[in-house]
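J.: You'll find upload_23.cif just under this line, and it carries mmCIF, C-alpha atoms.
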data_query
loop_
_atom_site.label_atom_id
_atom_site.label_comp_id
_atom_site.auth_asym_id
_atom_site.auth_seq_id
_atom_site.Cartn_x
_atom_site.Cartn_y
_atom_site.Cartn_z
CA MET A 1 0.00 0.00 0.00
CA ALA A 2 2.72 2.46 1.02
CA SER A 3 4.79 1.67 -2.06
CA GLY A 4 1.76 2.36 -4.27
CA TRP A 5 1.24 5.86 -2.81
CA ARG A 6 4.94 6.62 -3.23
CA LYS A 7 4.75 5.62 -6.89
CA LEU A 8 1.66 7.81 -7.39
CA LEU A 9 3.34 10.84 -5.81
CA GLU A 10 6.43 10.40 -7.94
CA GLU A 11 4.37 10.18 -11.16
CA GLU A 12 1.99 12.96 -10.16
CA SER A 13 4.93 15.17 -9.21
CA GLU A 14 6.15 15.10 -12.80
CA HIS A 15 2.62 15.82 -14.15
CA GLN A 16 2.08 18.63 -11.62
CA TRP A 17 5.28 20.42 -12.58
CA LEU A 18 4.26 20.23 -16.23
CA ALA A 19 0.74 21.51 -15.45
CA ILE A 20 2.06 24.28 -13.22
CA GLY A 21 4.52 25.33 -15.93
CA LEU A 22 1.79 25.47 -18.56
CA PHE A 23 -0.44 27.42 -16.16
CA PHE A 24 2.29 30.04 -15.57
CA VAL A 25 2.81 30.37 -19.33
CA PHE A 26 -0.95 30.93 -19.67
CA ILE A 27 -0.86 33.59 -16.93
CA ILE A 28 2.01 35.45 -18.63
CA ILE A 29 0.37 35.38 -22.07
CA GLY A 30 -2.99 36.40 -20.57
CA GLY A 31 -1.35 39.27 -18.72
CA PHE A 32 0.19 40.62 -21.94
CA LEU A 33 -3.13 40.30 -23.77
CA ILE A 34 -5.05 42.08 -21.00
CA GLY A 35 -2.40 44.79 -20.80
CA GLY A 36 -2.71 45.30 -24.54
CA THR A 37 -6.42 46.10 -24.14
CA SER A 38 -5.99 48.69 -21.38
CA SER A 39 -7.16 51.58 -23.55
CA LEU A 40 -10.74 52.83 -23.41
CA GLU A 41 -12.87 51.00 -25.92
CA GLY A 42 -15.90 52.43 -27.65
CA LEU A 43 -14.40 55.89 -28.28
CA VAL A 44 -15.71 57.15 -31.62
CA LEU A 45 -14.78 60.30 -33.53
CA GLY A 46 -17.58 61.94 -35.50
CA THR A 47 -21.27 61.12 -35.80
CA ASP A 48 -23.46 58.64 -37.63
CA PRO A 49 -24.00 60.15 -41.12
CA SER A 50 -27.54 58.77 -41.21
CA GLU A 51 -28.56 60.98 -38.27
CA ASN A 52 -28.15 64.22 -40.28
CA LEU A 53 -27.28 66.27 -37.19
CA GLU A 54 -27.74 69.98 -37.79
CA PHE A 55 -24.61 71.14 -35.98
CA GLU A 56 -22.46 69.32 -38.53
CA GLU A 57 -23.25 72.18 -40.92
CA GLY A 58 -21.83 74.80 -38.55
CA VAL A 59 -18.39 76.32 -38.28
CA PHE A 60 -18.30 76.58 -34.48
CA LEU A 61 -20.65 75.33 -31.79
CA LEU A 62 -21.24 77.93 -29.07
CA GLU A 63 -23.91 76.18 -26.95
CA ILE A 64 -25.51 72.75 -27.04
CA GLY A 65 -27.66 70.62 -24.77
CA TYR A 66 -29.16 67.16 -25.28
CA HIS A 67 -32.78 66.54 -24.29
CA GLU A 68 -32.91 63.54 -21.96
CA ASP A 69 -36.68 63.07 -22.16
CA ALA A 70 -36.89 62.98 -25.98
CA SER A 71 -37.78 59.94 -28.09
CA TRP A 72 -34.69 60.45 -30.28
CA SER A 73 -31.35 59.96 -28.55
CA GLU A 74 -29.71 62.79 -30.51
CA ALA A 75 -32.43 65.40 -29.77
CA HIS A 76 -30.74 68.68 -28.88
CA SER A 77 -30.90 72.46 -28.93
CA ALA A 78 -27.93 74.61 -29.84
CA ILE A 79 -26.43 77.90 -30.92
CA MET A 80 -23.81 77.74 -33.64
CA ARG A 81 -21.89 79.99 -35.94
CA THR A 82 -22.26 79.20 -39.63
CA GLU A 83 -20.43 80.53 -42.68
CA THR A 84 -23.15 83.15 -43.12
CA GLY A 85 -23.90 84.11 -39.50
CA TYR A 86 -25.51 82.55 -36.42
CA LYS A 87 -28.20 79.93 -36.00
CA MET A 88 -30.21 79.08 -32.87
CA TYR A 89 -32.27 75.94 -33.34
CA GLN A 90 -33.82 72.79 -31.89
CA GLN A 91 -33.61 69.35 -33.54
CA MET A 92 -35.94 66.73 -32.07
CA GLU A 93 -35.76 64.20 -34.95
CA THR A 94 -33.52 63.62 -37.96
CA ASP A 95 -35.82 65.68 -40.19
CA ASP A 96 -37.37 67.88 -37.48
CA VAL A 97 -35.30 71.07 -37.17
CA ALA A 98 -36.92 74.29 -35.95
CA ASP A 99 -35.38 77.74 -35.57
CA ILE A 100 -35.78 79.16 -32.06
CA LEU A 101 -34.86 82.57 -33.49
CA PRO A 102 -34.62 83.37 -37.20
CA PRO A 103 -31.18 82.61 -38.70
CA ASN A 104 -28.77 85.55 -38.39
CA ASP A 105 -31.18 87.40 -36.08
CA PRO A 106 -29.08 90.00 -34.18
CA GLN A 107 -30.62 88.75 -30.92
CA ILE A 108 -28.70 85.48 -31.21
CA GLU A 109 -25.39 87.31 -30.71
CA ASN A 110 -26.88 88.98 -27.61
CA VAL A 111 -27.87 85.74 -25.85
CA THR A 112 -26.32 85.81 -22.37
CA PHE A 113 -28.04 82.74 -20.96
CA PHE A 114 -29.07 79.47 -22.65
CA GLN A 115 -30.18 76.22 -21.00
CA LEU A 116 -32.58 73.32 -21.49
CA THR A 117 -35.68 72.73 -19.42
CA GLU A 118 -37.85 69.68 -18.89
CA GLU A 119 -40.22 68.44 -21.60
CA GLY A 120 -38.04 69.64 -24.45
CA GLY A 121 -37.99 73.33 -23.59
CA VAL A 122 -35.28 75.96 -23.86
CA GLU A 123 -34.79 79.08 -21.72
CA TYR A 124 -32.65 81.98 -22.85
CA SER A 125 -32.21 85.71 -22.50
CA SER A 126 -31.28 88.04 -25.35
CA SER A 127 -32.50 91.38 -23.96
CA LEU A 128 -32.29 93.27 -20.67
CA ASN A 129 -34.90 92.26 -18.08
CA GLN A 130 -36.24 89.52 -20.34
CA LEU A 131 -36.53 85.76 -19.88
CA SER A 132 -37.65 83.81 -22.95
CA THR A 133 -38.93 80.24 -23.09
CA TYR A 134 -39.21 78.13 -26.25
CA ARG A 135 -41.39 75.01 -26.16
CA ASN A 136 -43.31 73.09 -28.83
CA GLY A 137 -42.51 75.64 -31.49
CA MET A 138 -43.74 78.62 -29.46
CA THR A 139 -41.74 81.36 -27.71
CA THR A 140 -42.99 83.27 -24.68
CA ASN A 141 -41.20 86.34 -23.36
CA ARG A 142 -41.45 87.51 -19.77
CA ALA A 143 -40.34 90.95 -18.63
CA LEU A 144 -38.76 90.93 -15.15
CA ASP A 145 -39.50 94.07 -13.13
CA ASP A 146 -38.46 94.77 -9.53
CA LEU A 147 -40.67 97.91 -9.46
CA ASN A 148 -37.55 100.08 -9.20
CA ASP A 149 -36.95 100.46 -12.94
CA SER A 150 -33.73 98.44 -12.63
CA GLU A 151 -32.03 97.27 -15.80
CA PHE A 152 -30.03 94.07 -15.83
CA GLY A 153 -28.93 91.18 -18.01
CA ILE A 154 -29.43 87.54 -17.03
CA THR A 155 -26.26 85.45 -16.84
CA ALA A 156 -27.50 82.23 -15.25
CA ILE A 157 -30.55 80.73 -13.50
CA THR A 158 -31.07 77.67 -11.34
CA VAL A 159 -34.28 76.17 -10.01
CA HIS A 160 -35.06 76.01 -6.29
CA SER A 161 -35.88 72.74 -4.51
CA ILE A 162 -39.51 72.64 -5.74
CA PRO A 163 -39.52 73.26 -9.53
CA VAL A 164 -43.32 73.47 -9.72
CA VAL A 165 -43.24 76.58 -7.51
CA ASN A 166 -40.98 78.20 -10.14
CA ASN A 167 -38.61 79.79 -7.63
CA ARG A 168 -35.22 80.58 -9.17
CA LEU A 169 -31.94 82.13 -8.16
CA MET A 170 -30.52 84.36 -10.90
CA ILE A 171 -27.14 85.86 -11.60
CA THR A 172 -27.61 89.31 -13.08
CA ALA A 173 -25.27 91.78 -14.72
CA GLU A 174 -26.04 95.25 -13.34
CA ASP A 175 -24.49 98.38 -11.85
CA GLY A 176 -21.06 97.51 -13.25
CA GLY A 177 -20.91 94.12 -11.54
CA SER A 178 -22.77 90.89 -10.79
CA GLY A 179 -25.81 90.58 -8.57
CA LEU A 180 -27.86 87.70 -7.19
CA ARG A 181 -31.64 87.98 -7.37
CA GLY A 182 -34.39 85.66 -6.29
CA PHE A 183 -37.10 85.15 -8.88
CA THR A 184 -40.41 83.80 -7.55
CA GLY A 185 -43.62 82.99 -9.33
CA THR A 186 -44.96 86.43 -8.42
CA GLY A 187 -42.02 88.78 -8.43
CA LEU A 188 -38.34 89.63 -8.24
CA THR A 189 -36.20 90.36 -5.18
CA THR A 190 -33.69 93.16 -4.89
CA PRO A 191 -30.09 92.19 -5.71
CA SER A 192 -27.62 90.97 -3.12
CA THR A 193 -25.53 93.80 -1.72
CA PRO A 194 -23.00 95.13 -2.04
CA ILE A 195 -22.39 94.51 -5.72
CA ASP A 196 -18.63 94.06 -5.93
CA PRO A 197 -17.31 95.17 -9.35
CA THR A 198 -14.20 92.99 -8.88
CA ILE A 199 -16.28 89.77 -8.87
CA VAL A 200 -18.12 88.50 -11.93
CA TRP A 201 -20.43 85.58 -11.14
CA ASP A 202 -20.92 83.12 -14.00
CA HIS A 203 -22.53 79.89 -12.73
CA VAL A 204 -25.05 78.89 -10.08
CA VAL A 205 -26.33 75.46 -8.98
CA TYR A 206 -28.86 74.50 -6.34
CA LEU A 207 -27.53 72.27 -3.54
CA GLU A 208 -30.30 71.49 -1.05
CA GLU A 209 -32.32 73.05 1.79
CA SER A 210 -32.30 76.55 0.25
CA ASN A 211 -28.52 76.52 -0.30
CA PHE A 212 -26.82 77.41 -3.57
CA LEU A 213 -23.28 77.41 -4.93
CA VAL A 214 -22.27 80.39 -7.06
CA VAL A 215 -19.00 80.50 -9.02
CA GLY A 216 -17.24 83.30 -10.84
CA THR A 217 -13.94 85.16 -11.15
CA TYR A 218 -12.30 87.72 -8.87
CA THR A 219 -10.01 90.35 -10.35
CA VAL A 220 -6.83 90.78 -8.33
CA GLN A 221 -4.50 93.76 -8.72
CA GLY A 222 -1.08 92.78 -7.38
CA GLU A 223 1.51 95.30 -6.27
CA ASP A 224 3.91 94.36 -9.06
CA GLU A 225 1.28 93.94 -11.78
CA SER A 226 0.34 96.35 -14.50
CA PRO A 227 -3.15 97.86 -14.12
CA ALA A 228 -3.79 96.88 -17.74
CA THR A 229 -3.18 93.16 -17.06
CA PRO A 230 -4.62 92.26 -13.64
CA SER A 231 -4.72 88.60 -12.64
CA THR A 232 -7.87 86.68 -11.82
CA ARG A 233 -8.83 84.04 -9.28
CA ILE A 234 -11.80 81.74 -9.11
CA ALA A 235 -14.41 82.86 -6.58
CA PHE A 236 -16.97 80.66 -4.81
CA ALA A 237 -19.95 81.73 -2.73
CA HIS A 238 -22.32 79.76 -0.51
CA VAL A 239 -25.68 81.51 -0.92
CA SER A 240 -28.85 81.00 1.09
CA TRP A 241 -32.29 81.90 -0.23
CA GLU A 242 -35.57 80.37 0.92
CA GLY A 243 -37.64 81.43 -2.06
CA ALA A 244 -39.43 84.38 -0.45
CA THR A 245 -39.10 88.10 -1.11
CA LYS A 246 -36.00 88.34 1.08
CA THR A 247 -32.77 89.19 -0.76
CA PRO A 248 -30.40 86.21 -1.28
CA GLU A 249 -27.65 86.12 1.35
CA ILE A 250 -23.99 85.28 0.75
CA LYS A 251 -23.06 83.21 3.82
CA ARG A 252 -19.47 82.34 2.91
CA GLN A 253 -17.01 83.19 0.18
CA TRP A 254 -13.71 81.53 -0.76
CA PHE A 255 -11.27 81.38 -3.65
CA GLY A 256 -9.58 78.82 -5.89
CA SER A 257 -6.85 78.68 -8.52
CA GLY A 258 -7.08 78.91 -12.28
CA SER A 259 -8.43 81.40 -14.77
CA GLU A 260 -12.09 80.30 -14.70
CA VAL A 261 -14.43 77.42 -13.95
CA HIS A 262 -15.32 75.84 -17.28
CA SER A 263 -17.74 73.19 -15.96
CA ILE A 264 -20.03 72.94 -12.92
CA ILE A 265 -22.92 70.62 -12.14
CA ARG A 266 -25.07 69.46 -9.24
CA THR A 267 -24.28 65.91 -8.09
CA SER A 268 -26.75 63.18 -7.18
CA ASP A 269 -26.13 63.58 -3.43
CA GLY A 270 -27.11 67.26 -3.33
CA GLY A 271 -23.57 68.62 -3.65
CA ALA A 272 -21.74 70.03 -6.64
CA VAL A 273 -18.55 69.53 -8.58
CA ALA A 274 -16.67 72.21 -10.51
CA ALA A 275 -13.56 72.11 -12.67
CA SER A 276 -11.07 74.72 -13.82
CA ASN A 277 -7.97 74.57 -15.97
CA GLU A 278 -5.96 73.85 -12.81
CA GLU A 279 -8.16 72.18 -10.18
CA LEU A 280 -11.20 70.06 -9.40
CA TYR A 281 -13.55 71.26 -6.62
CA ILE A 282 -15.90 68.89 -4.81
CA VAL A 283 -18.52 70.73 -2.76
CA SER A 284 -20.83 68.90 -0.35
CA ALA A 285 -24.49 69.68 0.30
CA ASP A 286 -23.56 71.88 3.29
CA ALA A 287 -21.10 73.82 1.06
CA SER A 288 -17.92 72.42 2.62
CA ASP A 289 -15.32 72.00 -0.11
CA LYS A 290 -12.34 69.87 -1.11
CA THR A 291 -9.81 70.74 -3.79
CA HIS A 292 -7.73 68.45 -6.00
CA SER A 293 -4.98 69.49 -8.40
CA TYR A 294 -6.52 67.93 -11.50
CA PRO A 295 -6.30 70.28 -14.53
CA SER A 296 -8.77 69.92 -17.39
CA ARG A 297 -10.44 71.66 -20.30
CA VAL A 298 -13.85 69.97 -20.01
CA MET A 299 -15.51 68.00 -17.22
CA VAL A 300 -18.35 65.54 -17.81
CA TYR A 301 -20.42 64.21 -14.91
CA ASP A 302 -21.75 60.64 -14.99
CA ASP A 303 -24.80 60.70 -12.72
CA CYS A 304 -25.34 56.92 -12.89
CA HIS A 305 -21.95 56.15 -11.31
CA ASP A 306 -21.42 59.49 -9.47
CA ARG A 307 -18.08 60.17 -11.13
CA VAL A 308 -16.53 62.77 -13.42
CA TRP A 309 -14.39 62.51 -16.52
CA LEU A 310 -11.73 65.19 -17.00
CA PHE A 311 -10.54 65.83 -20.55
CA GLY A 312 -7.36 67.79 -21.24
CA GLU A 313 -5.90 69.53 -24.27
CA ARG A 314 -6.06 68.23 -27.83
CA GLY A 315 -3.41 65.55 -28.27
CA ALA A 316 -3.73 64.21 -24.71
CA GLU A 317 -3.21 60.45 -24.50
CA THR A 318 -5.17 59.87 -21.28
CA VAL A 319 -8.37 60.98 -19.58
CA LEU A 320 -8.80 61.19 -15.80
CA ARG A 321 -11.81 59.61 -14.11
CA VAL A 322 -12.63 60.57 -10.52
CA ASP A 323 -15.05 58.72 -8.25
CA LEU A 324 -16.70 61.46 -6.19
CA GLU A 325 -17.71 59.27 -3.25
CA THR A 326 -14.21 57.93 -2.59
CA GLU A 327 -12.39 60.82 -4.35
CA SER A 328 -10.14 58.22 -5.99
CA ALA A 329 -8.75 59.05 -9.43
CA SER A 330 -7.73 56.70 -12.22
CA SER A 331 -6.03 57.56 -15.49
CA LYS A 332 -7.52 55.89 -18.57
CA ASN A 333 -5.50 55.47 -21.76
CA LEU A 334 -7.15 56.72 -24.92
CA PRO A 335 -6.96 54.46 -28.00
CA TYR A 336 -5.52 57.44 -29.92
CA PRO A 337 -4.46 61.00 -28.98
CA LEU A 338 -7.44 63.24 -28.28
CA PRO A 339 -8.29 64.63 -31.74
CA LEU A 340 -10.26 67.65 -30.51
CA GLN A 341 -9.72 70.70 -28.40
CA PRO A 342 -12.66 70.12 -26.01
CA THR A 343 -15.20 72.89 -25.50
CA SER A 344 -18.20 71.16 -23.86
CA GLY A 345 -19.43 67.73 -22.83
CA ALA A 346 -22.40 65.81 -21.48
CA VAL A 347 -23.73 62.32 -20.80
CA ASN A 348 -26.69 61.46 -23.01
CA GLY A 349 -28.21 58.18 -21.86
CA ASP A 350 -25.34 55.66 -21.81
CA VAL A 351 -23.11 57.74 -24.07
CA LEU A 352 -20.54 60.33 -23.02
CA ILE A 353 -20.20 63.13 -25.60
CA VAL A 354 -17.48 65.77 -25.93
CA HIS A 355 -17.69 68.57 -28.49
CA GLY A 356 -14.71 70.57 -29.70
CA PHE A 357 -12.71 71.58 -32.75
CA ASP A 358 -9.90 69.82 -34.57
CA ALA A 359 -6.48 71.02 -35.73
CA GLN A 360 -8.09 72.73 -38.73
CA GLY A 361 -10.54 74.61 -36.48
CA GLU A 362 -13.56 72.62 -37.64
CA SER A 363 -16.23 71.50 -35.17
CA ASP A 364 -16.52 67.81 -34.38
CA ARG A 365 -17.26 65.52 -31.47
CA ILE A 366 -16.18 62.28 -29.84
CA SER A 367 -18.48 59.83 -28.08
CA LEU A 368 -17.82 57.04 -25.60
CA ASP A 369 -20.22 54.19 -24.89
CA LEU A 370 -20.10 53.89 -21.09
CA THR A 371 -21.57 50.37 -21.14
CA ILE A 372 -18.68 48.80 -23.07
CA GLU A 373 -15.89 49.05 -20.49
CA GLY A 374 -15.55 45.71 -18.66
CA SER A 375 -18.44 44.09 -20.54
CA LEU A 376 -18.08 40.85 -22.51
CA SER A 377 -18.53 42.82 -25.72
CA SER A 378 -15.22 44.60 -25.09
CA GLY A 379 -11.84 43.04 -25.74
CA ARG A 380 -10.72 43.61 -22.16
CA GLY A 381 -13.89 42.13 -20.69
CA PHE A 382 -13.75 39.11 -23.00
CA LEU A 383 -10.11 38.44 -22.09
CA ASN A 384 -10.83 38.78 -18.38
CA PHE A 385 -13.70 36.33 -18.69
CA GLY A 386 -11.67 33.94 -20.84
CA PHE A 387 -8.73 34.12 -18.42
CA LEU A 388 -10.94 33.14 -15.49
CA VAL A 389 -12.75 30.37 -17.38
CA VAL A 390 -9.63 28.76 -18.82
CA GLY A 391 -7.80 29.00 -15.49
CA PHE A 392 -10.73 27.41 -13.70
CA ILE A 393 -10.94 24.60 -16.29
CA MET A 394 -7.21 23.86 -15.95
CA LEU A 395 -7.39 23.66 -12.16
CA VAL A 396 -10.51 21.47 -12.21
CA THR A 397 -8.99 19.18 -14.85
CA GLN A 398 -5.78 18.80 -12.87
CA GLY A 399 -7.70 18.03 -9.69
CA TYR A 400 -9.90 15.51 -11.50
CA MET A 401 -6.89 13.70 -12.97
CA MET A 402 -5.23 13.50 -9.56
CA VAL A 403 -8.33 12.04 -7.95
CA GLU A 404 -8.88 9.59 -10.79
CA LYS A 405 -5.24 8.46 -10.69
CA ALA A 406 -5.42 8.03 -6.93
CA ILE A 407 -8.53 5.83 -7.20
CA ARG A 408 -6.94 3.64 -9.89
CA THR A 409 -3.70 3.28 -7.92
CA TYR A 410 -5.58 2.42 -4.77
CA LYS A 411 -7.58 -0.30 -6.55
CA ALA A 412 -4.41 -1.72 -8.05
#
Using structure tokens, write down the structure from this file.
T.:
Amino acid sequence: MASGWRKLLEEESEHQWLAIGLFFVFIIIGGFLIGGTSSLEGLVLGTDPSENLEFEEGVFLLEIGYHEDASWSEAHSAIMRTETGYKMYQQMETDDVADILPPNDPQIENVTFFQLTEEGGVEYSSSLNQLSTYRNGMTTNRALDDLNDSEFGITAITVHSIPVVNNRLMITAEDGGSGLRGFTGTGLTTPSTPIDPTIVWDHVVYLEESNFLVVGTYTVQGEDESPATPSTRIAFAHVSWEGATKTPEIKRQWFGSGSEVHSIIRTSDGGAVAASNEELYIVSADASDKTHSYPSRVMVYDDCHDRVWLFGERGAETVLRVDLETESASSKNLPYPLPLQPTSGAVNGDVLIVHGFDAQGESDRISLDLTIEGSLSSGRGFLNFGFLVVGFIMLVTQGYMMVEKAIRTYKA
């Protein structure tokens, strides 16, 4: 009996070394194959020609937003510069393009505020004290009057916690600076005071519980700087407004680095994230903030996974992805150098879209299917799956052969 087990161990030892050697060769080859598929898959330059997207006829895209609640995935509204002037339009289907304002209308060049609303609407302002809404082919204009004959332009608007009440916080351009006004369903508040001419507010997002985040730039005149070329810093403000007639209140103000915030959006947890050409700012619902030294040209927020994608200059070979909950960052290799100088971006369904212009100055876009990474339809996902399956089969086969050999030896 003892001699039989010794013989089995001697024979199995030779087979095991061979199996282990083959398994290590498989691991090494699999590692090289997986490493070779480390670039982001599903990145596409250009659009589907069959879609006949209107902005492809433009020279430069100034504003664009994709309608999430539309039946067509490419439904959007935009402002673009053409070879003959400016065009402000909405495209809800391949062959359904409507002008929001007549082509080359002088008002298009005066638009200071442009954003999408629910149910396929668009809000914009092209005149002092006027808020315009375009929906279902009709435009309504509303004159905003604070009963003091004030004149102001509208730079940005965000909705309060209850959209149906129609309470908004507005950034206005007036008295040589930027003001903050509350806009209720019945009237307009007076602007926040004092209006500081050194601060120009550009963006505003609602956080929660009557709190807002406002972002702009602060002009700094250093002692050794020329008055003609002052430097700027990014300015943040935590603003409280409960939606009544009381003037919005700036509760706290702080500063960041960089020339300007190019992207800002409310996050799914009631906070906000903003990006500049030098830093990334993560602001919680109570307006506490954290700063990371991640430069970018465009930031795109993925609400489904609560993370942001940071795109750099044209020619960049990687893109940075930051998980906002853990604040962990990972660099993703692009399959080819970034072909566009990014100007704007968004997530439309399961597709991340970045617009920009190429080396010849022509408008184009790239798109990334967010469902491909790690899935079996991707090369990386297929290799990962194959690596696990083949490794499991080899281990099971080796174990089965050992057991079978042991039973036969024991019976002998």
J.: For the structure shown, which residues end up in the PyMOL selection byres ((chain A and resi 63-65) around 6)? Put them as a list of chain:residue names, please?
T.: A:Leu61, A:Leu62, A:Tyr66, A:His76, A:Ser77, A:Ala78, A:Ile79
J.: Quick one: pull the distance between atom CA of A:Tyr134 and atom CA of A:Val122, Å, one decimal.
T.: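 Going from atom CA of A:Tyr134 over to atom CA of A:Val122 covers 5.1 Å.
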J.: Which one is closest to A:His355: A:Asp269, A:Glu56, A:Asp48, A:Asp289? Count all atoms listed in the file.
T.: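 Smallest separation from A:His355 among the options: A:Glu56.
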J.: If the PyMOL selection byres ((chain A and resi 174) around 10) is run on the structure shown, which residues does it catch, given as an mmCIF file with C-alpha atoms, in the coordinates of the input?
T.:
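Wrote part-v4.cif, looks like this:
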data_model
loop_
_atom_site.group_PDB
_atom_site.id
_atom_site.type_symbol
_atom_site.label_atom_id
_atom_site.label_comp_id
_atom_site.auth_asym_id
_atom_site.auth_seq_id
_atom_site.Cartn_x
_atom_site.Cartn_y
_atom_site.Cartn_z
ATOM 1 C CA LEU A 128 -32.290 93.270 -20.670
ATOM 2 C CA SER A 150 -33.730 98.440 -12.630
ATOM 3 C CA GLU A 151 -32.030 97.270 -15.800
ATOM 4 C CA PHE A 152 -30.030 94.070 -15.830
ATOM 5 C CA GLY A 153 -28.930 91.180 -18.010
ATOM 6 C CA ILE A 154 -29.430 87.540 -17.030
ATOM 7 C CA ILE A 171 -27.140 85.860 -11.600
ATOM 8 C CA THR A 172 -27.610 89.310 -13.080
ATOM 9 C CA ALA A 173 -25.270 91.780 -14.720
ATOM 10 C CA ASP A 175 -24.490 98.380 -11.850
ATOM 11 C CA GLY A 176 -21.060 97.510 -13.250
ATOM 12 C CA GLY A 177 -20.910 94.120 -11.540
ATOM 13 C CA SER A 178 -22.770 90.890 -10.790
ATOM 14 C CA GLY A 179 -25.810 90.580 -8.570
ATOM 15 C CA LEU A 180 -27.860 87.700 -7.190
ATOM 16 C CA PRO A 191 -30.090 92.190 -5.710
ATOM 17 C CA ILE A 195 -22.390 94.510 -5.720
ATOM 18 C CA PRO A 197 -17.310 95.170 -9.350
#
J.: Within 8 Å of A:Thr189, counting all atoms listed in the file, which residues show up once you throw out same-chain ones fewer than 5 positions away? Write them as a PyMOL selection string, please.
T.: chain A and resi 146+181-183+245-247
J.: Run through the PyMOL selection byres ((chain A and resi 325) around 10) on the given coordinates and return the selected residues as a ChimeraX atom specification.
T.: /A:269,282,305-307,322-324,326-328
J.: Point out the residue among A:Gln91, A:Thr84, A:Thr133, A:Thr318 with the least atom-to-atom distance to A:Pro335, counting all atoms listed in the file.
T.: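 Of all the options, A:Thr318 lies closest to A:Pro335.
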J.: Rank A:Pro49, A:Gly120, A:Gly271, A:Pro106 by their smallest atom-to-atom distance to A:Ser71, using only C-alpha atoms, and report the top residue only.
T.: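 Smallest distance to A:Ser71 is found for A:Gly120.
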J.: Here is a test: counting only C-alpha atoms, which residue of A:Ala75, A:Asn333, A:Pro295, A:Asp96 is nearest to A:Leu116?
T.: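 Residue with the minimum atom-to-atom distance to A:Leu116: A:Ala75.
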J.: Of the candidates A:Pro342, A:Gly42, A:Pro230, A:Gly270, which one gets nearest to A:Phe311 if we count all atoms listed in the file?
T.: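 Comparing A:Pro342, A:Gly42, A:Pro230, A:Gly270 against A:Phe311, the winner is A:Pro342.
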